[in-house]
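Notes to accompany the following structure.
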Amino acid sequence: MKRVISRTTNFLLSNNKNNNTKKLIGIPTIKKNLSSSFNKLIKYNYHSSNYLKNLFIRTQETPNPSSIKFLPGFPVLDEKEYPNISTVEIKTPLESYKSPLAKLLFKIDGVKSVFLTREFVTITIENSDNWHLTKLHIFTALNNFYESGRPVLDEDAQPNKDTQVQEGDDEVIVAIKEILETRIRPMVQEDGGDVIFSRFDENTGTVYLKLQGSCATCPSSTATLKGGIENMLMHYVAEVESVEEEITEEDKVSDEQFKKTEAEINAKKQQVVDAYTA
């Protein structure tokens with residue numbers, strides 16, 4: 001068995017709301033050499049009088065070079081909040097709906113899986129050579145998450161049906177669904193809309209989506225579909241050539257009915273105007 005190196009890396013993330021600045025300070029050290037006074041200094045503090053929030057994160061190597069343990073210094077799956085859940089393994093982005101923390105971590109390029117425990121988070125990435133960059137993004141994500149005050153788990157959450165992996169889905173469709181769920185959908189929902197996966201035409205490389213909410217009626221919906229969603233899917237999934245909005249027969253009927261009703265209303269308005277100006 002590969003020997004686990006005892007050296008840990010400590011990072012202090014600070015966010016000062018008075019000047020809206022953030023710092024990332026790397027402090028390589030040996031765990032056994034930490035003084036008690038230093039430990040007191042680096043505790044996570046939500047109630048500092050000067051609004052300074054500090055999250056001290058230690059990392060520990062594992063026998064798997066692609067996996068690192070992140071220890072924030074306080075419970076991750078707090079036994080008081082989750083007495084019946086001591087560990088949660090989330091292997092794919094599509095499973096992250098059950099954990100707001102995992103969902104945030106899966107937005108980081110290269111993150112392959114997330115393992116939550118009482119005391120630490122183990123994150124596995126696709127290429128261990130990228131740890132020097134990925135680690136910094138993970139520290140930032142953890143800091144932002146704990147500052148938000150959101151729960152680690154959402155036990156009542158349900159997956160979005162359109163991006164659930166179905167029998168017969170190949171690797172391309174699964175990849176499309178993962179990008180939609182972890183990167184595109186949150187972006188669209190921030191603008192008051194949503195995007196629904198309809199189908200993928202492997203012959204033309206076209207992804208068909210349905211826009212909902214504000215995005216469906218927005219004048220810039222075409223720009224959102226082509227300039228934003230299409231570019232992102234083509235960047236991450238080589239097989240995607242284009243993205244189109246799925247227009248069903250029901251949509252066509254609804255659109256025609258809307259135009260007809262709008263024309264009738266405008267005609268009545270014109271009659272009223274004509275009556276007063278006659």
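Here, A, B, ... name the chains of the structure tokens in the order displayed, residue numbers run from 1 inside each chain, and ligands are numbered from 1 in the same displayed order.
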* Filtered DSSP result for stretch 48-264 of chain A, state helix (DSSP H, G or I), as a count of residues only -> 92
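The neighbours of A:Pro75 here are the residues that come within 7 Å of it, using only C-alpha atoms and leaving out any residue fewer than 2 positions away in the same chain; they are Leu77, Asp78, Arg118 and Glu119 of chain A.
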Write the residues of the preceding selection, restricted to all heavy atoms, as a PDB file, in the first residue's frame.
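Final output, out-v9.pdb:
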```pdb
ATOM      1  N   LEU A  77     -20.904  17.024   7.752  1.00  0.00           N
ATOM      2  CA  LEU A  77     -22.223  16.433   7.997  1.00  0.00           C
ATOM      3  C   LEU A  77     -22.435  16.423   9.510  1.00  0.00           C
ATOM      4  O   LEU A  77     -22.132  15.446  10.196  1.00  0.00           O
ATOM      5  CB  LEU A  77     -22.297  15.012   7.424  1.00  0.00           C
ATOM      6  CG  LEU A  77     -22.293  14.901   5.904  1.00  0.00           C
ATOM      7  CD1 LEU A  77     -22.317  13.434   5.476  1.00  0.00           C
ATOM      8  CD2 LEU A  77     -23.481  15.632   5.286  1.00  0.00           C
ATOM      9  N   ASP A  78     -22.903  17.532  10.030  1.00  0.00           N
ATOM     10  CA  ASP A  78     -23.072  17.689  11.476  1.00  0.00           C
ATOM     11  C   ASP A  78     -24.055  16.646  12.012  1.00  0.00           C
ATOM     12  O   ASP A  78     -25.165  16.498  11.493  1.00  0.00           O
ATOM     13  CB  ASP A  78     -23.592  19.098  11.779  1.00  0.00           C
ATOM     14  CG  ASP A  78     -23.440  19.468  13.244  1.00  0.00           C
ATOM     15  OD1 ASP A  78     -23.561  18.568  14.098  1.00  0.00           O
ATOM     16  OD2 ASP A  78     -23.199  20.647  13.529  1.00  0.00           O
ATOM     17  N   ARG A 118     -18.490  13.248   8.264  1.00  0.00           N
ATOM     18  CA  ARG A 118     -18.698  14.097   9.430  1.00  0.00           C
ATOM     19  C   ARG A 118     -17.655  15.216   9.500  1.00  0.00           C
ATOM     20  O   ARG A 118     -17.977  16.353   9.823  1.00  0.00           O
ATOM     21  CB  ARG A 118     -18.602  13.260  10.707  1.00  0.00           C
ATOM     22  CG  ARG A 118     -19.704  12.233  10.866  1.00  0.00           C
ATOM     23  CD  ARG A 118     -20.935  12.854  11.413  1.00  0.00           C
ATOM     24  NE  ARG A 118     -21.937  11.856  11.763  1.00  0.00           N
ATOM     25  CZ  ARG A 118     -23.213  11.971  11.476  1.00  0.00           C
ATOM     26  NH1 ARG A 118     -23.639  13.039  10.817  1.00  0.00           N
ATOM     27  NH2 ARG A 118     -24.071  11.042  11.827  1.00  0.00           N
ATOM     28  N   GLU A 119     -16.391  14.885   9.207  1.00  0.00           N
ATOM     29  CA  GLU A 119     -15.300  15.814   9.463  1.00  0.00           C
ATOM     30  C   GLU A 119     -14.635  16.391   8.220  1.00  0.00           C
ATOM     31  O   GLU A 119     -13.920  17.381   8.314  1.00  0.00           O
ATOM     32  CB  GLU A 119     -14.224  15.130  10.325  1.00  0.00           C
ATOM     33  CG  GLU A 119     -14.748  14.549  11.631  1.00  0.00           C
ATOM     34  CD  GLU A 119     -15.284  15.623  12.566  1.00  0.00           C
ATOM     35  OE1 GLU A 119     -14.829  16.778  12.439  1.00  0.00           O
ATOM     36  OE2 GLU A 119     -16.149  15.309  13.400  1.00  0.00           O
TER      37      GLU A 119
END
```
* To do: Go through A:Asn144, A:Ser128, A:Ser242, A:Thr206 one by one, measure the shortest atom-to-atom distance of each to A:Leu104 using only C-alpha atoms, and give the residue with the smallest value.
  =>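 Smallest separation from A:Leu104 among the options: A:Asn144.
Interatomic distance, atom CA of A:Ala238 against atom CA of A:Val172: 8.8 Å.
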Can you tell me, as an mmCIF file with N, CA and C atoms, in the first residue's frame, what residues are no more than 12 Å from A:Glu245 when counting only C-alpha atoms, ignoring any on the same chain fewer than 6 positions away?
```
data_model
loop_
_atom_site.group_PDB
_atom_site.id
_atom_site.type_symbol
_atom_site.label_atom_id
_atom_site.label_comp_id
_atom_site.auth_asym_id
_atom_site.auth_seq_id
_atom_site.Cartn_x
_atom_site.Cartn_y
_atom_site.Cartn_z
ATOM 1 N N VAL A 195 -34.355 25.946 -18.696
ATOM 2 C CA VAL A 195 -34.098 25.286 -19.962
ATOM 3 C C VAL A 195 -34.319 23.787 -19.771
ATOM 4 N N ILE A 196 -35.064 23.185 -20.690
ATOM 5 C CA ILE A 196 -35.427 21.771 -20.581
ATOM 6 C C ILE A 196 -34.826 21.000 -21.749
ATOM 7 N N PHE A 197 -34.129 19.914 -21.423
ATOM 8 C CA PHE A 197 -33.570 19.065 -22.467
ATOM 9 C C PHE A 197 -34.691 18.274 -23.145
ATOM 10 N N SER A 198 -34.716 18.310 -24.474
ATOM 11 C CA SER A 198 -35.728 17.578 -25.228
ATOM 12 C C SER A 198 -35.136 16.339 -25.902
ATOM 13 N N ARG A 199 -34.109 16.544 -26.750
ATOM 14 C CA ARG A 199 -33.510 15.409 -27.456
ATOM 15 C C ARG A 199 -32.206 15.842 -28.108
ATOM 16 N N PHE A 200 -31.452 14.829 -28.561
ATOM 17 C CA PHE A 200 -30.209 15.078 -29.279
ATOM 18 C C PHE A 200 -30.233 14.284 -30.571
ATOM 19 N N THR A 206 -27.331 18.121 -33.367
ATOM 20 C CA THR A 206 -28.171 19.211 -32.861
ATOM 21 C C THR A 206 -28.829 18.832 -31.539
ATOM 22 N N VAL A 207 -28.710 19.710 -30.565
ATOM 23 C CA VAL A 207 -29.394 19.557 -29.281
ATOM 24 C C VAL A 207 -30.665 20.392 -29.320
ATOM 25 N N TYR A 208 -31.789 19.780 -28.995
ATOM 26 C CA TYR A 208 -33.077 20.491 -28.978
ATOM 27 C C TYR A 208 -33.484 20.748 -27.522
ATOM 28 N N LEU A 209 -33.767 22.010 -27.237
ATOM 29 C CA LEU A 209 -34.122 22.431 -25.887
ATOM 30 C C LEU A 209 -35.418 23.231 -25.906
ATOM 31 N N LYS A 210 -36.063 23.287 -24.741
ATOM 32 C CA LYS A 210 -37.233 24.137 -24.572
ATOM 33 C C LYS A 210 -36.898 25.216 -23.549
ATOM 34 N N LEU A 211 -37.185 26.462 -23.888
ATOM 35 C CA LEU A 211 -36.975 27.576 -22.977
ATOM 36 C C LEU A 211 -38.270 27.860 -22.228
ATOM 37 N N GLN A 212 -38.147 28.107 -20.931
ATOM 38 C CA GLN A 212 -39.322 28.381 -20.115
ATOM 39 C C GLN A 212 -39.150 29.673 -19.336
ATOM 40 N N CYS A 215 -37.172 33.409 -20.157
ATOM 41 C CA CYS A 215 -36.347 33.158 -21.344
ATOM 42 C C CYS A 215 -37.196 32.823 -22.571
ATOM 43 N N ALA A 216 -38.378 32.268 -22.343
ATOM 44 C CA ALA A 216 -39.225 31.861 -23.461
ATOM 45 C C ALA A 216 -39.779 33.061 -24.218
ATOM 46 N N SER A 221 -33.902 35.872 -26.476
ATOM 47 C CA SER A 221 -33.868 34.427 -26.273
ATOM 48 C C SER A 221 -32.999 33.723 -27.312
ATOM 49 N N THR A 222 -33.018 34.227 -28.544
ATOM 50 C CA THR A 222 -32.177 33.634 -29.582
ATOM 51 C C THR A 222 -30.705 33.807 -29.258
ATOM 52 N N ALA A 223 -30.354 34.987 -28.743
ATOM 53 C CA ALA A 223 -28.965 35.238 -28.350
ATOM 54 C C ALA A 223 -28.566 34.342 -27.192
ATOM 55 N N THR A 224 -29.496 34.122 -26.245
ATOM 56 C CA THR A 224 -29.218 33.225 -25.122
ATOM 57 C C THR A 224 -28.985 31.811 -25.610
ATOM 58 N N LEU A 225 -29.846 31.376 -26.532
ATOM 59 C CA LEU A 225 -29.762 30.011 -27.043
ATOM 60 C C LEU A 225 -28.493 29.792 -27.852
ATOM 61 N N LYS A 226 -28.181 30.731 -28.717
ATOM 62 C CA LYS A 226 -27.044 30.564 -29.627
ATOM 63 C C LYS A 226 -25.733 31.059 -29.013
ATOM 64 N N ILE A 229 -25.843 29.235 -24.590
ATOM 65 C CA ILE A 229 -26.013 27.786 -24.404
ATOM 66 C C ILE A 229 -25.276 26.994 -25.474
ATOM 67 N N GLU A 230 -25.432 27.377 -26.722
ATOM 68 C CA GLU A 230 -24.793 26.641 -27.815
ATOM 69 C C GLU A 230 -23.269 26.674 -27.681
ATOM 70 N N ASP A 251 -47.070 24.078 -29.083
ATOM 71 C CA ASP A 251 -46.464 25.413 -29.046
ATOM 72 C C ASP A 251 -46.930 26.249 -30.235
#
```
* Every residue of stretch 42-137 of chain A that DSSP places in strand (DSSP E), as number ranges by chain -> A: 52-61, 67-71, 88-90, 111-116, 121-125
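Separating atom CA of A:Arg183 from atom CA of A:Tyr236 is a distance of 10.7 Å.
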* Asked: Could you work out how far atom CA of A:Ala175 lies from atom CA of A:Asp156, giving the answer in Å with one decimal?
  ->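 Separating atom CA of A:Asp156 from atom CA of A:Ala175 is a distance of 25.4 Å.
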* To do: Identify which of the residues A:Val188, A:Ala157, A:Ile179, A:Ile57 lies closest to A:Thr92, counting only C-alpha atoms when measuring atom-to-atom distances.
  =>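 Ranking A:Val188, A:Ala157, A:Ile179, A:Ile57 by distance to A:Thr92, first place goes to A:Ile179.
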* To do: Can you work out which one of A:Asp154, A:Val114, A:Ser67, A:Asp201 has the shortest atom-to-atom distance to A:Thr87, counting only C-alpha atoms?
  =>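 Closest to A:Thr87, using only C-alpha atoms: A:Val114.
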* **Option closest in space to A:Glu190, from A:Pro63, A:Pro93, A:Gly213, A:Gly73 [counting only C-alpha atoms]** =>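 For A:Glu190, the nearest of the candidates is A:Gly213.
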